[in-house]
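Undergrad: Quick one: the structure is below, questions incoming.
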Amino acid sequence: MGSDVAASLGLVPSHAYAVLDAREVCGHQLLRVKNPWNSLRWTGAFSHADQISWTPDLMRALDYDPKTEHDDQGIFWIDFASVCHRFDAIHLNWNPRVFAHQASVHFSWNMDMGPRQALHDFSANPQYTLVAEHGTAEVWILLSKHLLKTEENVDFIALHVYDNTNGRRVYEPRAALHIGEYVNTQHVLVQLTARQGEKYTLVVAQREKTKPLHFTLRALSSTPVRLVQAPVPTYCEDVTGQWGSASAGGNTASPRYMDNPQFQITIPPNAPLTSGIITLETAHKHPVNIRVFRGGFLVTRVLEINTVATSGKYRSQFCTCELEALEPGSSYTVVVSTFEPFMFSRFKLRIGLGSLFTVAPIAREGAGMRMRELHGKWMPGSECVGGPDQSYHKCPRFLVRTECETRVLARLQTPHAKSLPLVNVSVYEFDDAVLGTLCASSGSYTNSPQGVATRQSTIGRTGCEFLVVASAWDHDVDASFVLYFYSEHTVEVTPLFY
């Protein structure tokens, strides 16, 4: 029923009403109904506006006085045929004392618990673990909101039930065993067939928080049931940051993925094997992701073999990453990213583990060093390759002169190549036009979206020259490249052409 039709009939769409009385008189089946808002009432058949249906006999049978009905208290008579036509369901009262076993908890949901609208983030919602302890059981779960007599009930609440969680907290509204409908009623009732020993997670939700709410949650069954608060991580740390022009690197296929904010998590050597959860929340509705790697050092290339955990597909504004069996004495790297580069936003990262840990930001590649951005190109058929032929003298090369000992690092990328070529970057001593000792190399030829890089190495003494060689493995490579050359002190870099 559309809002315009509902308004013309005095009804509210997706709204719950209370049935006060049911009568069958004078050949009519009628219900006495109340709108909890204490206003807005039915204007159809047998309403206060109906001048035809109300016969003298019917008014006497129901003690109906048209003069007193002009005061709108949200109470009205309606025929059962109209109820069947205009309403979706009728819920009947029941007696909870018929159940031999009950479990209940009382709790409050304060304004500082989670976001105002938890559309993507259930991390701060009240959550409870339900277990049927002896055999499969039919369990009725009743969520009751505490109300004052003078309080208008305008809060839309719901109760969601999740299985396959082992009773742990649910952080994102993914596939559930039961998705509750948001209703502004005092009670929400859910029926569940609970399998013996399986732990279910019950999530209390509301559409939008406007004030603190107070609840009672009951589980009623013919067999014993247990209802406890869903566990939360023992140790938590919050980290705030942002994606900016230099740190919004995009997804794992982006050459700039390594520019994303990265953090090191370290587990003490005396800690037990531990598990936990990482949540990421952004200020803007960008698709975001968490990826965790072994090592605790700066991640410059994405290798699945080094990936410990991931939040999965990029999700709008909020995502979670579960961590399992983190080893004592180990370090891990957490990378947070948006799907596209240059998606700017602030973010909050929350790390929760079952043991003590430390978290610290990881400096970007070349932090504190001078950087030169150099461009070049490999031409097909020119044999400008360093692969099996090792034709380094024909590869694109850059002459480096330094007046003092300095730390250097070189990164080679092919961001515009149609297909990523196998590439390498190396630094050699250069004396009298002769390629000398290898000082640093990116190692095996690789075609990573993030390119290849040397380790930081120390080169130079007064008057020394070095060559940075950008090489591709194949003869037919037709691609441009970008070389980022970092140095601790000022150096002179000159392209060499043949």
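Naming scheme: A, B, ... for chains in displayed order of the structure tokens; residues 1 onward per chain; ligands 1 onward as shown.
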As a PyMOL selection string, please: the residues near segment 245-255 of chain A (cut-off 7 Å, only C-alpha atoms, same-chain neighbours under 3 positions excluded).
TA: chain A and resi 258-261+302+337-344+415+449-451
Undergrad: Calculated over only C-alpha atoms, which of the candidates A:Thr320, A:Asn166, A:Ser53, A:Asn184 has the smallest distance to Val154 of chain A?
TA: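 So, comparing all the options, the nearest one is A:Asn184.
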Undergrad: Find the spatial neighbours of segment 24-33 of chain A, counting only C-alpha atoms, within a cut-off of 8 Å - ignore same-chain residues fewer than 5 positions away - and output them as a list in words.
TA: Tyr17, Ala18, Val19, Asp57, Leu58, Ala61, Ile75, Phe76, Trp77, Ile78, Asp79 and Phe80 of chain A
Undergrad: For the selection just defined, write its residues with N, CA, C and O atoms to a file, as a PDB file, in the first residue's frame.
TA:
```
ATOM      1  N   TYR A  17      -0.099  -1.935  14.911  1.00  0.00           N
ATOM      2  CA  TYR A  17      -1.244  -1.469  15.699  1.00  0.00           C
ATOM      3  C   TYR A  17      -1.570  -2.515  16.763  1.00  0.00           C
ATOM      4  O   TYR A  17      -1.285  -3.700  16.596  1.00  0.00           O
ATOM      5  N   ALA A  18      -2.191  -2.067  17.837  1.00  0.00           N
ATOM      6  CA  ALA A  18      -2.621  -2.969  18.906  1.00  0.00           C
ATOM      7  C   ALA A  18      -4.112  -3.275  18.754  1.00  0.00           C
ATOM      8  O   ALA A  18      -4.912  -2.371  18.467  1.00  0.00           O
ATOM      9  N   VAL A  19      -4.500  -4.547  18.919  1.00  0.00           N
ATOM     10  CA  VAL A  19      -5.900  -4.966  18.875  1.00  0.00           C
ATOM     11  C   VAL A  19      -6.429  -4.975  20.313  1.00  0.00           C
ATOM     12  O   VAL A  19      -5.942  -5.733  21.160  1.00  0.00           O
ATOM     13  N   ASP A  57     -28.776  -0.472  16.314  1.00  0.00           N
ATOM     14  CA  ASP A  57     -28.535  -1.737  17.005  1.00  0.00           C
ATOM     15  C   ASP A  57     -27.042  -1.990  17.199  1.00  0.00           C
ATOM     16  O   ASP A  57     -26.605  -2.464  18.256  1.00  0.00           O
ATOM     17  N   LEU A  58     -26.243  -1.679  16.184  1.00  0.00           N
ATOM     18  CA  LEU A  58     -24.800  -1.906  16.273  1.00  0.00           C
ATOM     19  C   LEU A  58     -24.161  -0.970  17.309  1.00  0.00           C
ATOM     20  O   LEU A  58     -23.299  -1.373  18.087  1.00  0.00           O
ATOM     21  N   ALA A  61     -24.953  -2.328  20.732  1.00  0.00           N
ATOM     22  CA  ALA A  61     -24.207  -3.560  21.032  1.00  0.00           C
ATOM     23  C   ALA A  61     -22.756  -3.276  21.403  1.00  0.00           C
ATOM     24  O   ALA A  61     -22.167  -3.971  22.234  1.00  0.00           O
ATOM     25  N   ILE A  75      -7.746   5.428  18.327  1.00  0.00           N
ATOM     26  CA  ILE A  75      -8.524   4.207  18.537  1.00  0.00           C
ATOM     27  C   ILE A  75      -9.707   4.195  17.562  1.00  0.00           C
ATOM     28  O   ILE A  75     -10.368   5.213  17.380  1.00  0.00           O
ATOM     29  N   PHE A  76      -9.965   3.028  16.951  1.00  0.00           N
ATOM     30  CA  PHE A  76     -11.033   2.960  15.957  1.00  0.00           C
ATOM     31  C   PHE A  76     -11.540   1.527  15.828  1.00  0.00           C
ATOM     32  O   PHE A  76     -10.875   0.564  16.223  1.00  0.00           O
ATOM     33  N   TRP A  77     -12.772   1.418  15.273  1.00  0.00           N
ATOM     34  CA  TRP A  77     -13.340   0.132  14.878  1.00  0.00           C
ATOM     35  C   TRP A  77     -13.072  -0.078  13.390  1.00  0.00           C
ATOM     36  O   TRP A  77     -13.086   0.878  12.600  1.00  0.00           O
ATOM     37  N   ILE A  78     -12.842  -1.353  13.021  1.00  0.00           N
ATOM     38  CA  ILE A  78     -12.612  -1.699  11.618  1.00  0.00           C
ATOM     39  C   ILE A  78     -13.124  -3.112  11.388  1.00  0.00           C
ATOM     40  O   ILE A  78     -13.030  -3.966  12.277  1.00  0.00           O
ATOM     41  N   ASP A  79     -13.716  -3.337  10.237  1.00  0.00           N
ATOM     42  CA  ASP A  79     -14.236  -4.676   9.952  1.00  0.00           C
ATOM     43  C   ASP A  79     -13.090  -5.613   9.551  1.00  0.00           C
ATOM     44  O   ASP A  79     -12.053  -5.173   9.024  1.00  0.00           O
ATOM     45  N   PHE A  80     -13.295  -6.909   9.817  1.00  0.00           N
ATOM     46  CA  PHE A  80     -12.231  -7.885   9.605  1.00  0.00           C
ATOM     47  C   PHE A  80     -11.853  -8.001   8.133  1.00  0.00           C
ATOM     48  O   PHE A  80     -10.680  -8.238   7.802  1.00  0.00           O
TER      49      PHE A  80
END
```
Undergrad: Between A:Glu133, A:Glu488, A:Asp88, A:Glu138, which residue has the minimum interatomic distance to Gly368 of chain A, considering only C-alpha atoms?
TA: A:Glu488
Undergrad: Nearest residue to Phe297 of chain A out of A:Lys313, A:His120, A:His91, A:Arg364, using only C-alpha atoms?
TA: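 Using only C-alpha atoms, Phe297 of chain A sits closest to A:Arg364.
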Undergrad: What does the structure give for the distance between atom CA of Arg218 of chain A and atom CA of Ser123 of chain A, in Å to one decimal?
TA: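 Taking atom CA of Arg218 of chain A as the start and atom CA of Ser123 of chain A as the end point, the length is 21.6 Å.
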Undergrad: Atom CA of Gln186 of chain A to atom CA of Val161 of chain A: how many Å, to one decimal?
TA: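 About the pair atom CA of Gln186 of chain A and atom CA of Val161 of chain A: they are 18.6 Å apart.
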Undergrad: Using only C-alpha atoms, what does the table of segment 306-417 of chain A residues within 12 Å of segment 490-493 of chain A look like, with each row giving the shortest atom pair and its distance in Å to one decimal, sorted by chain and ascending number, as a tab-separated table?
TA:
```
residue	atom	partner	partner_atom	distance
A:Met369	CA	A:Thr490	CA	9.3
A:Arg370	CA	A:Thr490	CA	7.2
A:Met371	CA	A:Thr490	CA	9.5
A:Arg372	CA	A:Val493	CA	8.3
A:Glu373	CA	A:Val493	CA	10.2
A:Leu374	CA	A:Val493	CA	9.1
A:Arg397	CA	A:Val493	CA	10.1
A:Phe398	CA	A:Val493	CA	6.4
A:Leu399	CA	A:Val493	CA	5.5
A:Val400	CA	A:Val493	CA	4.6
A:Arg401	CA	A:Glu492	CA	5.1
A:Thr402	CA	A:Val491	CA	4.9
A:Glu403	CA	A:Val491	CA	7.5
A:Cys404	CA	A:Val491	CA	8.9
A:Glu405	CA	A:Val491	CA	10.2
A:Thr406	CA	A:Thr490	CA	8.6
A:Arg407	CA	A:Thr490	CA	10.5
A:Val408	CA	A:Val491	CA	9.7
```
Undergrad: Choose the residue, out of A:Val336, A:Ala103, A:Val204, A:Ile265, that has the smallest atom-to-atom separation from Ala360 of chain A; count only C-alpha atoms.
TA: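 Under the stated criterion, the closest residue is A:Ile265.
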Undergrad: So how far away is atom CA of Pro233 of chain A from atom CA of Thr201 of chain A, in Å?
TA: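 Between atom CA of Thr201 of chain A and atom CA of Pro233 of chain A the gap works out to 15.6 Å.
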Undergrad: Identify, with DSSP run on backbone atoms, the residues in segment 229-447 of chain A assigned to helix (DSSP H, G or I), and express the list as an MDAnalysis selection string.
TA: chainID A and resid 257:259 304:306 392:394
Undergrad: Would you save the residues of that selection, restricted to N, CA and C atoms, as a PDB file, in the first residue's frame?
TA:
```pdb
ATOM      1  N   TYR A 257      49.752   0.913  -4.770  1.00  0.00           N
ATOM      2  CA  TYR A 257      49.188   0.215  -3.604  1.00  0.00           C
ATOM      3  C   TYR A 257      50.079   0.361  -2.376  1.00  0.00           C
ATOM      4  N   MET A 258      51.390   0.343  -2.572  1.00  0.00           N
ATOM      5  CA  MET A 258      52.319   0.412  -1.439  1.00  0.00           C
ATOM      6  C   MET A 258      52.293   1.771  -0.754  1.00  0.00           C
ATOM      7  N   ASP A 259      51.690   2.792  -1.398  1.00  0.00           N
ATOM      8  CA  ASP A 259      51.603   4.117  -0.782  1.00  0.00           C
ATOM      9  C   ASP A 259      50.496   4.199   0.257  1.00  0.00           C
ATOM     10  N   GLU A 304      50.432 -13.411  -2.661  1.00  0.00           N
ATOM     11  CA  GLU A 304      49.430 -14.178  -1.929  1.00  0.00           C
ATOM     12  C   GLU A 304      50.063 -15.084  -0.881  1.00  0.00           C
ATOM     13  N   ILE A 305      51.264 -15.566  -1.142  1.00  0.00           N
ATOM     14  CA  ILE A 305      51.915 -16.463  -0.200  1.00  0.00           C
ATOM     15  C   ILE A 305      52.225 -15.760   1.121  1.00  0.00           C
ATOM     16  N   ASN A 306      52.363 -14.432   1.089  1.00  0.00           N
ATOM     17  CA  ASN A 306      52.643 -13.662   2.305  1.00  0.00           C
ATOM     18  C   ASN A 306      51.389 -13.089   2.943  1.00  0.00           C
ATOM     19  N   TYR A 392      73.070  -5.369 -21.170  1.00  0.00           N
ATOM     20  CA  TYR A 392      72.882  -4.229 -20.283  1.00  0.00           C
ATOM     21  C   TYR A 392      73.382  -2.926 -20.909  1.00  0.00           C
ATOM     22  N   HIS A 393      74.354  -3.025 -21.807  1.00  0.00           N
ATOM     23  CA  HIS A 393      74.892  -1.798 -22.394  1.00  0.00           C
ATOM     24  C   HIS A 393      73.888  -1.133 -23.332  1.00  0.00           C
ATOM     25  N   LYS A 394      72.831  -1.867 -23.739  1.00  0.00           N
ATOM     26  CA  LYS A 394      71.807  -1.284 -24.603  1.00  0.00           C
ATOM     27  C   LYS A 394      70.522  -0.943 -23.847  1.00  0.00           C
TER      28      LYS A 394
END
```
Undergrad: Taking into account only C-alpha atoms, which residue in the set A:Leu220, A:Val359, A:Val170, A:Ala325 is nearest to Val239 of chain A?
TA: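 Closest to Val239 of chain A, using only C-alpha atoms: A:Val359.
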Undergrad: At a cut-off of 9 Å, using only C-alpha atoms, what residues contact Ala363 of chain A? Leave out same-chain residues fewer than 3 positions from it and give the result as a list in words.
TA: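 With the cut-off at 9 Å, the set is Pro261, Gln262, Phe263, Leu298, Gly366 and Ala367 of chain A.
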Undergrad: Enumerate, as a PyMOL selection string, the complete set of residues in segment 26-110 of chain A that a backbone-based DSSP assignment places in strand (DSSP E).
TA: chain A and resi 28-34+75-79+101-109
Undergrad: From the options A:Glu172, A:Glu465, A:Glu365, A:Asp476, which residue's atoms come nearest to Asp431 of chain A, counting only C-alpha atoms?
TA: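 Smallest distance to Asp431 of chain A is found for A:Glu465.
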Undergrad: Which polymer residues have any atom within 7 Å of an atom of Val292 of chain A, counting only C-alpha atoms, with same-chain residues fewer than 3 positions away left out, as JSON, numbers by chain?
TA: {"A": [307, 308, 309, 310, 332, 333, 334, 335]}
Undergrad: Let me see the file: selected residues, N, CA and C atoms, as a PDB file, in the first residue's frame.
TA:
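Resulting contents of out-v4.pdb:
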```pdb
ATOM      1  N   THR A 307      50.235 -13.311   2.310  1.00  0.00           N
ATOM      2  CA  THR A 307      48.982 -12.763   2.826  1.00  0.00           C
ATOM      3  C   THR A 307      48.435 -13.661   3.926  1.00  0.00           C
ATOM      4  N   VAL A 308      48.196 -13.080   5.095  1.00  0.00           N
ATOM      5  CA  VAL A 308      47.668 -13.822   6.237  1.00  0.00           C
ATOM      6  C   VAL A 308      46.150 -13.791   6.254  1.00  0.00           C
ATOM      7  N   ALA A 309      45.568 -12.631   5.958  1.00  0.00           N
ATOM      8  CA  ALA A 309      44.112 -12.474   6.011  1.00  0.00           C
ATOM      9  C   ALA A 309      43.713 -11.263   5.193  1.00  0.00           C
ATOM     10  N   THR A 310      42.451 -11.238   4.792  1.00  0.00           N
ATOM     11  CA  THR A 310      41.914 -10.104   4.043  1.00  0.00           C
ATOM     12  C   THR A 310      40.438  -9.948   4.362  1.00  0.00           C
ATOM     13  N   TYR A 332      53.279  -8.476  11.956  1.00  0.00           N
ATOM     14  CA  TYR A 332      52.415  -8.505  10.782  1.00  0.00           C
ATOM     15  C   TYR A 332      52.204  -7.083  10.277  1.00  0.00           C
ATOM     16  N   THR A 333      51.952  -6.966   8.982  1.00  0.00           N
ATOM     17  CA  THR A 333      51.702  -5.671   8.358  1.00  0.00           C
ATOM     18  C   THR A 333      50.246  -5.569   7.949  1.00  0.00           C
ATOM     19  N   VAL A 334      49.596  -4.488   8.356  1.00  0.00           N
ATOM     20  CA  VAL A 334      48.202  -4.216   7.999  1.00  0.00           C
ATOM     21  C   VAL A 334      48.182  -3.076   6.984  1.00  0.00           C
ATOM     22  N   VAL A 335      47.588  -3.327   5.820  1.00  0.00           N
ATOM     23  CA  VAL A 335      47.461  -2.302   4.781  1.00  0.00           C
ATOM     24  C   VAL A 335      45.985  -1.989   4.596  1.00  0.00           C
TER      25      VAL A 335
END
```
Undergrad: Using only C-alpha atoms, determine which residues lie at most 9 Å from Gly10 of chain A, disregarding the query and same-chain residues fewer than 6 positions distant; provide the list as a compact mmCIF listing (two decimals) with N, CA and C atoms, in the first residue's frame.
TA:
```
# COMPACT_ATOMS: atom_id res chain seq x y z
N LEU A 40 -3.99 9.58 14.36
CA LEU A 40 -4.14 8.97 13.04
C LEU A 40 -4.95 7.68 13.13
N ARG A 41 -6.16 7.71 12.66
CA ARG A 41 -7.02 6.53 12.75
C ARG A 41 -7.71 6.26 11.42
N TRP A 42 -8.21 5.05 11.31
CA TRP A 42 -8.88 4.52 10.14
C TRP A 42 -10.08 5.41 9.78
N THR A 43 -10.24 5.66 8.46
CA THR A 43 -11.36 6.50 7.99
C THR A 43 -12.29 5.73 7.06
N GLY A 44 -12.10 4.40 6.96
CA GLY A 44 -12.95 3.60 6.07
C GLY A 44 -14.19 3.08 6.78
```
